[in-house]
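Shown next: coords04.pdb, containing PDB, C-alpha atoms.
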```pdb
ATOM      1  CA  MET A 286      78.102 107.673  72.375
ATOM      2  CA  LEU A 287      78.045 108.269  76.109
ATOM      3  CA  LEU A 288      78.744 105.393  78.485
ATOM      4  CA  PHE A 289      77.900 105.308  82.183
ATOM      5  CA  PRO A 290      77.578 102.686  84.917
ATOM      6  CA  ARG A 291      74.312 100.722  84.855
ATOM      7  CA  LEU A 292      73.307 101.786  81.370
ATOM      8  CA  THR A 293      71.067  99.407  79.414
ATOM      9  CA  GLN A 294      73.531  97.961  76.933
ATOM     10  CA  LEU A 295      71.040  97.439  74.080
ATOM     11  CA  ASP A 296      70.168 101.148  74.219
ATOM     12  CA  LEU A 297      73.792 101.636  73.186
ATOM     13  CA  THR A 298      74.719  98.542  71.203
ATOM     14  CA  GLY A 299      71.640  98.582  68.956
ATOM     15  CA  PRO A 300      72.380 102.043  67.514
ATOM     16  CA  TYR A 301      76.129 101.309  67.652
ATOM     17  CA  GLU A 302      75.704  98.265  65.414
ATOM     18  CA  VAL A 303      73.845 100.377  62.851
ATOM     19  CA  LEU A 304      75.923 103.550  62.931
ATOM     20  CA  SER A 305      79.307 101.808  63.001
ATOM     21  CA  ARG A 306      78.485 100.395  59.559
ATOM     22  CA  LEU A 307      78.238 103.831  57.963
ATOM     23  CA  SER A 308      81.003 104.816  55.586
ATOM     24  CA  ASP A 309      83.560 107.346  56.811
ATOM     25  CA  VAL A 310      82.495 107.352  60.442
ATOM     26  CA  ASN A 311      84.298 107.070  63.760
ATOM     27  CA  VAL A 312      82.044 105.990  66.633
ATOM     28  CA  LEU A 313      83.511 106.933  70.018
ATOM     29  CA  LEU A 314      82.522 105.464  73.378
ATOM     30  CA  LEU A 315      82.810 108.226  75.982
ATOM     31  CA  TRP A 316      83.140 108.204  79.735
ATOM     32  CA  LYS A 317      85.046 110.002  82.484
ATOM     33  CA  THR A 318      87.820 107.388  82.466
ATOM     34  CA  ARG A 319      88.972 104.557  80.211
ATOM     35  CA  GLU A 320      88.084 101.939  82.827
ATOM     36  CA  PRO A 321      85.443  99.387  81.752
ATOM     37  CA  VAL A 322      81.854 100.429  82.445
ATOM     38  CA  THR A 323      79.401  97.781  83.655
ATOM     39  CA  SER A 324      75.867  97.768  82.296
ATOM     40  CA  ASP A 325      72.740  97.053  84.335
ATOM     41  CA  SER A 326      72.871  93.426  83.144
ATOM     42  CA  GLY A 327      76.561  92.945  83.989
ATOM     43  CA  MET A 328      78.154  93.457  80.563
ATOM     44  CA  SER A 329      81.463  95.340  80.612
ATOM     45  CA  ILE A 330      82.005  97.944  77.893
ATOM     46  CA  VAL A 331      85.340  99.697  77.420
ATOM     47  CA  PRO A 332      85.352 103.460  76.711
ATOM     48  CA  THR A 333      87.571 104.595  73.846
ATOM     49  CA  VAL A 334      87.808 108.294  74.769
ATOM     50  CA  THR A 335      87.456 110.235  78.015
ATOM     51  CA  LEU A 336      85.308 113.342  78.277
ATOM     52  CA  ASP A 337      88.432 115.485  78.705
ATOM     53  CA  GLU A 338      90.004 114.010  75.561
ATOM     54  CA  CYS A 339      86.879 114.380  73.453
ATOM     55  CA  GLU A 340      86.930 116.983  70.688
ATOM     56  CA  GLN A 341      83.837 118.512  69.106
ATOM     57  CA  LEU A 342      81.444 115.805  67.918
ATOM     58  CA  ASP A 343      79.137 115.821  64.900
ATOM     59  CA  VAL A 344      76.614 113.654  66.749
ATOM     60  CA  ILE A 345      76.227 113.216  70.499
ATOM     61  CA  PHE A 346      74.203 110.238  71.755
ATOM     62  CA  VAL A 347      72.910 109.334  75.232
ATOM     63  CA  PRO A 348      71.466 105.880  76.042
ATOM     64  CA  GLY A 349      69.232 105.089  78.999
ATOM     65  CA  GLY A 350      69.135 102.625  81.857
ATOM     66  CA  PRO A 351      69.010 102.758  85.675
ATOM     67  CA  GLY A 352      72.317 104.656  85.841
ATOM     68  CA  GLN A 353      70.697 107.512  83.959
ATOM     69  CA  VAL A 354      69.111 108.652  87.230
ATOM     70  CA  ALA A 355      72.469 109.770  88.650
ATOM     71  CA  LEU A 356      73.460 111.436  85.360
ATOM     72  CA  MET A 357      70.550 113.871  85.616
ATOM     73  CA  GLU A 358      72.301 115.545  88.545
ATOM     74  CA  ASP A 359      75.880 115.003  87.406
ATOM     75  CA  ASN A 360      77.123 118.503  86.622
ATOM     76  CA  GLU A 361      80.193 117.260  84.759
ATOM     77  CA  ILE A 362      78.039 115.243  82.360
ATOM     78  CA  LEU A 363      75.429 117.970  81.961
ATOM     79  CA  ARG A 364      78.077 120.586  81.174
ATOM     80  CA  PHE A 365      79.734 118.244  78.671
ATOM     81  CA  LEU A 366      76.435 117.677  76.858
ATOM     82  CA  GLN A 367      75.603 121.380  76.854
ATOM     83  CA  LYS A 368      79.024 122.249  75.429
ATOM     84  CA  GLN A 369      78.848 119.588  72.731
ATOM     85  CA  ALA A 370      75.288 120.535  71.790
ATOM     86  CA  LEU A 371      76.347 124.070  70.908
ATOM     87  CA  HIS A 372      78.052 122.898  67.716
ATOM     88  CA  ALA A 373      76.945 119.286  67.178
ATOM     89  CA  GLN A 374      74.958 118.623  64.040
ATOM     90  CA  TYR A 375      72.652 116.261  65.935
ATOM     91  CA  VAL A 376      71.825 115.752  69.613
ATOM     92  CA  THR A 377      70.297 112.325  70.163
ATOM     93  CA  SER A 378      69.182 109.713  72.682
ATOM     94  CA  VAL A 379      67.406 106.405  73.138
ATOM     95  CA  CYS A 380      65.112 105.310  75.964
ATOM     96  CA  THR A 381      65.537 107.328  79.184
ATOM     97  CA  GLY A 382      68.607 109.010  77.760
ATOM     98  CA  SER A 383      66.175 111.750  76.729
ATOM     99  CA  LEU A 384      65.654 112.515  80.435
ATOM    100  CA  VAL A 385      69.361 113.314  80.658
ATOM    101  CA  LEU A 386      69.144 115.601  77.631
ATOM    102  CA  ALA A 387      66.126 117.284  79.205
ATOM    103  CA  ALA A 388      67.995 117.701  82.503
ATOM    104  CA  ALA A 389      70.709 119.499  80.540
ATOM    105  CA  GLY A 390      68.057 121.818  79.089
ATOM    106  CA  LEU A 391      68.593 120.435  75.594
ATOM    107  CA  LEU A 392      65.019 119.379  74.821
ATOM    108  CA  LYS A 393      63.231 122.575  75.805
ATOM    109  CA  GLY A 394      60.905 123.480  72.938
ATOM    110  CA  TYR A 395      61.485 120.144  71.183
ATOM    111  CA  ARG A 396      59.329 117.098  70.562
ATOM    112  CA  ALA A 397      60.930 113.871  71.782
ATOM    113  CA  THR A 398      60.237 110.335  72.942
ATOM    114  CA  CYS A 399      61.542 107.822  75.480
ATOM    115  CA  HIS A 400      60.609 104.502  77.111
ATOM    116  CA  TRP A 401      56.838 104.241  77.532
ATOM    117  CA  MET A 402      57.120 103.996  81.323
ATOM    118  CA  SER A 403      58.891 107.368  81.593
ATOM    119  CA  ARG A 404      56.967 109.526  79.115
ATOM    120  CA  ASP A 405      55.131 111.286  81.921
ATOM    121  CA  LEU A 406      58.454 112.156  83.569
ATOM    122  CA  LEU A 407      59.819 113.563  80.320
ATOM    123  CA  ALA A 408      56.698 115.694  80.000
ATOM    124  CA  GLU A 409      57.278 117.059  83.522
ATOM    125  CA  LEU A 410      60.524 118.548  82.246
ATOM    126  CA  GLY A 411      58.684 120.625  79.674
ATOM    127  CA  VAL A 412      59.237 118.344  76.677
ATOM    128  CA  ASP A 413      56.590 117.818  74.010
ATOM    129  CA  VAL A 414      56.410 114.028  74.367
ATOM    130  CA  SER A 415      55.554 111.670  71.523
ATOM    131  CA  PRO A 416      54.612 107.965  71.749
ATOM    132  CA  ASP A 417      56.352 107.300  68.419
ATOM    133  CA  ARG A 418      59.150 104.755  68.046
ATOM    134  CA  TYR A 419      61.535 107.555  67.074
ATOM    135  CA  VAL A 420      61.130 111.302  66.682
ATOM    136  CA  VAL A 421      63.026 113.832  64.566
ATOM    137  CA  ASP A 422      62.573 117.479  65.546
ATOM    138  CA  ARG A 423      65.091 119.684  63.782
ATOM    139  CA  ASN A 424      68.480 118.441  64.968
ATOM    140  CA  ARG A 425      67.120 116.453  67.906
ATOM    141  CA  VAL A 426      66.614 112.734  67.194
ATOM    142  CA  THR A 427      65.251 110.530  69.973
ATOM    143  CA  GLY A 428      64.258 106.880  70.203
ATOM    144  CA  GLY A 429      61.829 105.010  72.411
ATOM    145  CA  GLY A 430      62.677 102.175  74.752
ATOM    146  CA  VAL A 431      65.628  99.795  74.300
ATOM    147  CA  THR A 432      64.893  97.919  71.040
ATOM    148  CA  ALA A 433      63.676 101.160  69.450
ATOM    149  CA  GLY A 434      67.370 102.048  69.325
ATOM    150  CA  ILE A 435      67.736  99.977  66.139
ATOM    151  CA  ASP A 436      64.909 101.899  64.448
ATOM    152  CA  PHE A 437      66.431 105.116  65.751
ATOM    153  CA  GLY A 438      69.828 104.094  64.384
ATOM    154  CA  LEU A 439      68.449 103.373  60.923
ATOM    155  CA  LYS A 440      66.599 106.680  60.852
ATOM    156  CA  LEU A 441      69.711 108.582  61.925
ATOM    157  CA  ALA A 442      71.749 106.660  59.340
ATOM    158  CA  SER A 443      69.311 107.774  56.639
ATOM    159  CA  ILE A 444      69.620 111.383  57.797
ATOM    160  CA  LEU A 445      73.410 111.216  57.759
ATOM    161  CA  ARG A 446      73.984 109.145  54.604
ATOM    162  CA  GLY A 447      70.657 108.759  52.797
ATOM    163  CA  ASP A 448      67.898 106.161  52.638
ATOM    164  CA  GLU A 449      69.794 103.772  50.343
ATOM    165  CA  GLU A 450      72.678 103.444  52.787
ATOM    166  CA  ALA A 451      70.262 102.873  55.668
ATOM    167  CA  ARG A 452      68.419 100.173  53.718
ATOM    168  CA  ARG A 453      71.726  98.458  52.927
ATOM    169  CA  ILE A 454      72.587  98.383  56.626
ATOM    170  CA  GLN A 455      69.134  97.067  57.513
ATOM    171  CA  LEU A 456      69.636  94.172  55.107
ATOM    172  CA  GLN A 457      73.162  93.494  56.389
ATOM    173  CA  LEU A 458      71.732  93.215  59.890
ATOM    174  CA  GLU A 459      68.772  91.142  58.641
ATOM    175  CA  TYR A 460      66.607  93.495  60.654
ATOM    176  CA  ASN A 461      63.262  91.933  59.830
ATOM    177  CA  PRO A 462      61.636  91.467  63.238
ATOM    178  CA  GLU A 463      58.907  88.884  63.710
ATOM    179  CA  PRO A 464      58.553  88.577  67.501
ATOM    180  CA  PRO A 465      56.842  85.466  68.839
ATOM    181  CA  PHE A 466      54.512  87.614  70.965
ATOM    182  CA  ASP A 467      52.586  90.812  70.302
ATOM    183  CA  ALA A 468      53.359  92.361  73.700
ATOM    184  CA  GLY A 469      55.812  95.122  72.855
ATOM    185  CA  SER A 470      53.647  98.015  74.033
ATOM    186  CA  PRO A 471      51.245  98.514  76.949
ATOM    187  CA  GLU A 472      48.334  98.703  74.527
ATOM    188  CA  ARG A 473      49.183  95.333  73.010
ATOM    189  CA  ALA A 474      50.415  93.548  76.122
ATOM    190  CA  GLY A 475      47.255  94.192  78.096
ATOM    191  CA  THR A 476      46.613  95.598  81.553
ATOM    192  CA  GLU A 477      47.654  92.519  83.557
ATOM    193  CA  ILE A 478      51.124  92.263  81.990
ATOM    194  CA  GLU A 479      51.581  96.024  82.111
ATOM    195  CA  GLN A 480      50.873  96.097  85.841
ATOM    196  CA  VAL A 481      53.403  93.354  86.539
ATOM    197  CA  VAL A 482      56.075  95.224  84.568
ATOM    198  CA  ARG A 483      55.241  98.475  86.357
ATOM    199  CA  GLN A 484      55.401  96.803  89.765
ATOM    200  CA  ARG A 485      58.827  95.325  89.035
ATOM    201  CA  ALA A 486      60.117  98.763  88.025
ATOM    202  CA  ALA A 487      58.326 100.709  90.762
ATOM    203  CA  GLN A 488      61.382 101.399  92.931
ATOM    204  CA  LEU A 489      63.459 102.645  89.995
ATOM    205  CA  GLN A 490      60.583 104.770  88.719
ATOM    206  CA  ASP A 491      60.179 106.322  92.180
ATOM    207  CA  GLN A 492      63.873 107.239  92.098
ATOM    208  CA  ARG A 493      63.476 108.724  88.629
ATOM    209  CA  ARG A 494      60.421 110.690  89.738
ATOM    210  CA  ALA A 495      62.231 112.182  92.734
ATOM    211  CA  VAL A 496      65.188 113.251  90.581
ATOM    212  CA  VAL A 497      62.928 114.657  87.868
ATOM    213  CA  ARG A 498      61.203 116.874  90.430
ATOM    214  CA  ARG A 499      64.527 118.196  91.711
ATOM    215  CA  VAL A 500      65.726 118.807  88.161
ATOM    216  CA  LYS A 501      62.439 120.502  87.315
ATOM    217  CA  ASP A 502      62.884 122.936  90.193
ATOM    218  CA  ARG A 503      66.451 123.642  89.098
ATOM    219  CA  LEU A 504      65.478 124.252  85.477
ATOM    220  CA  HIS A 505      62.750 126.630  86.536
TER     221      HIS A 505
END
```

Could you quickly redo this structure as structure tokens?
Amino acid sequence: MLLFPRLTQLDLTGPYEVLSRLSDVNVLLLWKTREPVTSDSGMSIVPTVTLDECEQLDVIFVPGGPGQVALMEDNEILRFLQKQALHAQYVTSVCTGSLVLAAAGLLKGYRATCHWMSRDLLAELGVDVSPDRYVVDRNRVTGGGVTAGIDFGLKLASILRGDEEARRIQLQLEYNPEPPFDAGSPERAGTEIEQVVRQRAAQLQDQRRAVVRRVKDRLH
């Protein structure tokens, strides 16, 4: 699982909580150094392995968050992902982590998903974009925004160890969501709430859009 400054921690910790409960698994937290990485909300997360120390992985995972913007033009990260993807069993992401995979050329010809606010940007990079909570296309498994990482994690767990194991983990986690509001998608939240959320994220989305266009030119 890739770490980076200003990631959204739940993109990472949701799937981590699920996948770390699988039998016979070693979940690694990867970054360029072993120094703590600070999330966009101020949480510090300590890497367990550096990129240089990392051997071939069975599964490579990329979360999203504001810091993902810089990763799309970080050649060291892109090369690492490309190298790992050659022999990994599964190449995966949650939220805007799929934009990083796309920037590395790893979603060309695949169907994938991401946070609802960035689906149009993912499509600009030549990805067949889905609005689904999670998407499995051959050995690419992607999740939607933030909380979708738990659904993604359970689906990946079922792929790796079977449905029964995934159901056991779901019960252990008491993952039985009953949110107090039905506002978890633009369609359900309504136009007024959607516009407020878009306005608050406008500066970040402009940064993402500018990087996506540069990456698009490079990929072409």

Residues within 9 Å of Leu297 (chain A), only C-alpha atoms, excluding chain neighbours under 4 positions, as a PyMOL selection string: chain A and resi 286-288+292-293+301-302+346-349+379+431+434

Convert the current residue selection to file output with C-alpha atoms, as a PDB file, in the frame of the given file.
```pdb
ATOM      1  CA  MET A 286      78.102 107.673  72.375  1.00  0.00           C
ATOM      2  CA  LEU A 287      78.045 108.269  76.109  1.00  0.00           C
ATOM      3  CA  LEU A 288      78.744 105.393  78.485  1.00  0.00           C
ATOM      4  CA  LEU A 292      73.307 101.786  81.370  1.00  0.00           C
ATOM      5  CA  THR A 293      71.067  99.407  79.414  1.00  0.00           C
ATOM      6  CA  TYR A 301      76.129 101.309  67.652  1.00  0.00           C
ATOM      7  CA  GLU A 302      75.704  98.265  65.414  1.00  0.00           C
ATOM      8  CA  PHE A 346      74.203 110.238  71.755  1.00  0.00           C
ATOM      9  CA  VAL A 347      72.910 109.334  75.232  1.00  0.00           C
ATOM     10  CA  PRO A 348      71.466 105.880  76.042  1.00  0.00           C
ATOM     11  CA  GLY A 349      69.232 105.089  78.999  1.00  0.00           C
ATOM     12  CA  VAL A 379      67.406 106.405  73.138  1.00  0.00           C
ATOM     13  CA  VAL A 431      65.628  99.795  74.300  1.00  0.00           C
ATOM     14  CA  GLY A 434      67.370 102.048  69.325  1.00  0.00           C
TER      15      GLY A 434
END
```

Please evaluate the PyMOL selection byres ((chain A and resi 494) around 12) against the displayed coordinates and give the resulting residues as a list in words.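 On the file shown, the PyMOL selection byres ((chain A and resi 494) around 12) covers Val354, Met357, Leu384, Met402, Ser403, Arg404, Asp405, Leu406, Leu407, Ala408, Glu409, Leu410, Ala487, Gln488, Leu489, Gln490, Asp491, Gln492, Arg493, Ala495, Val496, Val497, Arg498, Arg499, Val500 and Lys501 of chain A.
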
Looking at A:Gln374, A:Ser415, A:Thr381, A:Asn424, which one is nearest to Ala355 (chain A), with distances taken over only C-alpha atoms?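 Once distances to Ala355 (chain A) are computed over only C-alpha atoms, the minimum belongs to A:Thr381.
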
I need the output of the PyMOL selection byres ((chain A and resi 314) around 8) for this file as a list of chain:residue names; which residues are they?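 Written out, the selection comes to A:Met286, A:Leu287, A:Leu288, A:Val312, A:Leu313, A:Leu315, A:Trp316, A:Val331, A:Pro332, A:Thr333, A:Val334.
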
Nearest to Thr432 (chain A) among A:Leu295, A:Ala387, A:Leu304, A:Val481, with distances taken over only C-alpha atoms: which residue is it?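 Closest candidate: A:Leu295.
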
(70.9, 102.5, 68.4) in this file's frame - what residues fall within 7 Å of it? Use all atoms listed in the file and give the answer as number ranges by chain. A: 296-301, 303, 434-435, 437-438

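The space between CA of Gly352 (chain A) and CA of Asp502 (chain A) spans 21.0 Å.
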
Using all atoms listed in the file, which of the listed residues (A:Val344, A:Leu458, A:Ala388, A:Cys339) sits closest to Asn360 (chain A)?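 Counting all atoms listed in the file, the residue closest to Asn360 (chain A) is A:Ala388.
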
Please list as a PyMOL selection string every residue within 8 Å of Thr427 (chain A), counting all atoms listed in the file and excluding residues in the same chain fewer than 2 positions away. chain A and resi 377-380+383+397-399+419-421+425+429+437

Which is closest to Gln455 (chain A) among A:Ala468, A:Val322, A:Leu439, A:Leu392, if we use only C-alpha atoms?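 Between A:Ala468, A:Val322, A:Leu439, A:Leu392, the residue approaching Gln455 (chain A) most closely is A:Leu439.
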
Which residue out of A:Arg483, A:Arg503, A:Lys317, A:Arg452 has the minimum interatomic distance to Asp436 (chain A) when all atoms listed in the file are used? A:Arg452

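Distance-wise, CA of Pro465 (chain A) and CA of Ser329 (chain A) end up 29.0 Å apart.
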
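Coordinates place CA of Tyr460 (chain A) at a distance of 15.4 Å from CA of Ser305 (chain A).
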
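The residues returned by the PyMOL selection byres ((chain A and resi 368) around 12) on the shown structure are Leu336, Cys339, Glu340, Gln341, Leu342, Ile345, Asn360, Glu361, Ile362, Leu363, Arg364, Phe365, Leu366, Gln367, Gln369, Ala370, Leu371, His372, Ala373, Val376, Ala389, Gly390 and Leu391 of chain A.
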
Which residue, A:Pro471, A:Glu358, A:Pro416, A:Thr318, has the smallest gap to Asp337 (chain A) when you use only C-alpha atoms?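 So, comparing all the options, the nearest one is A:Thr318.
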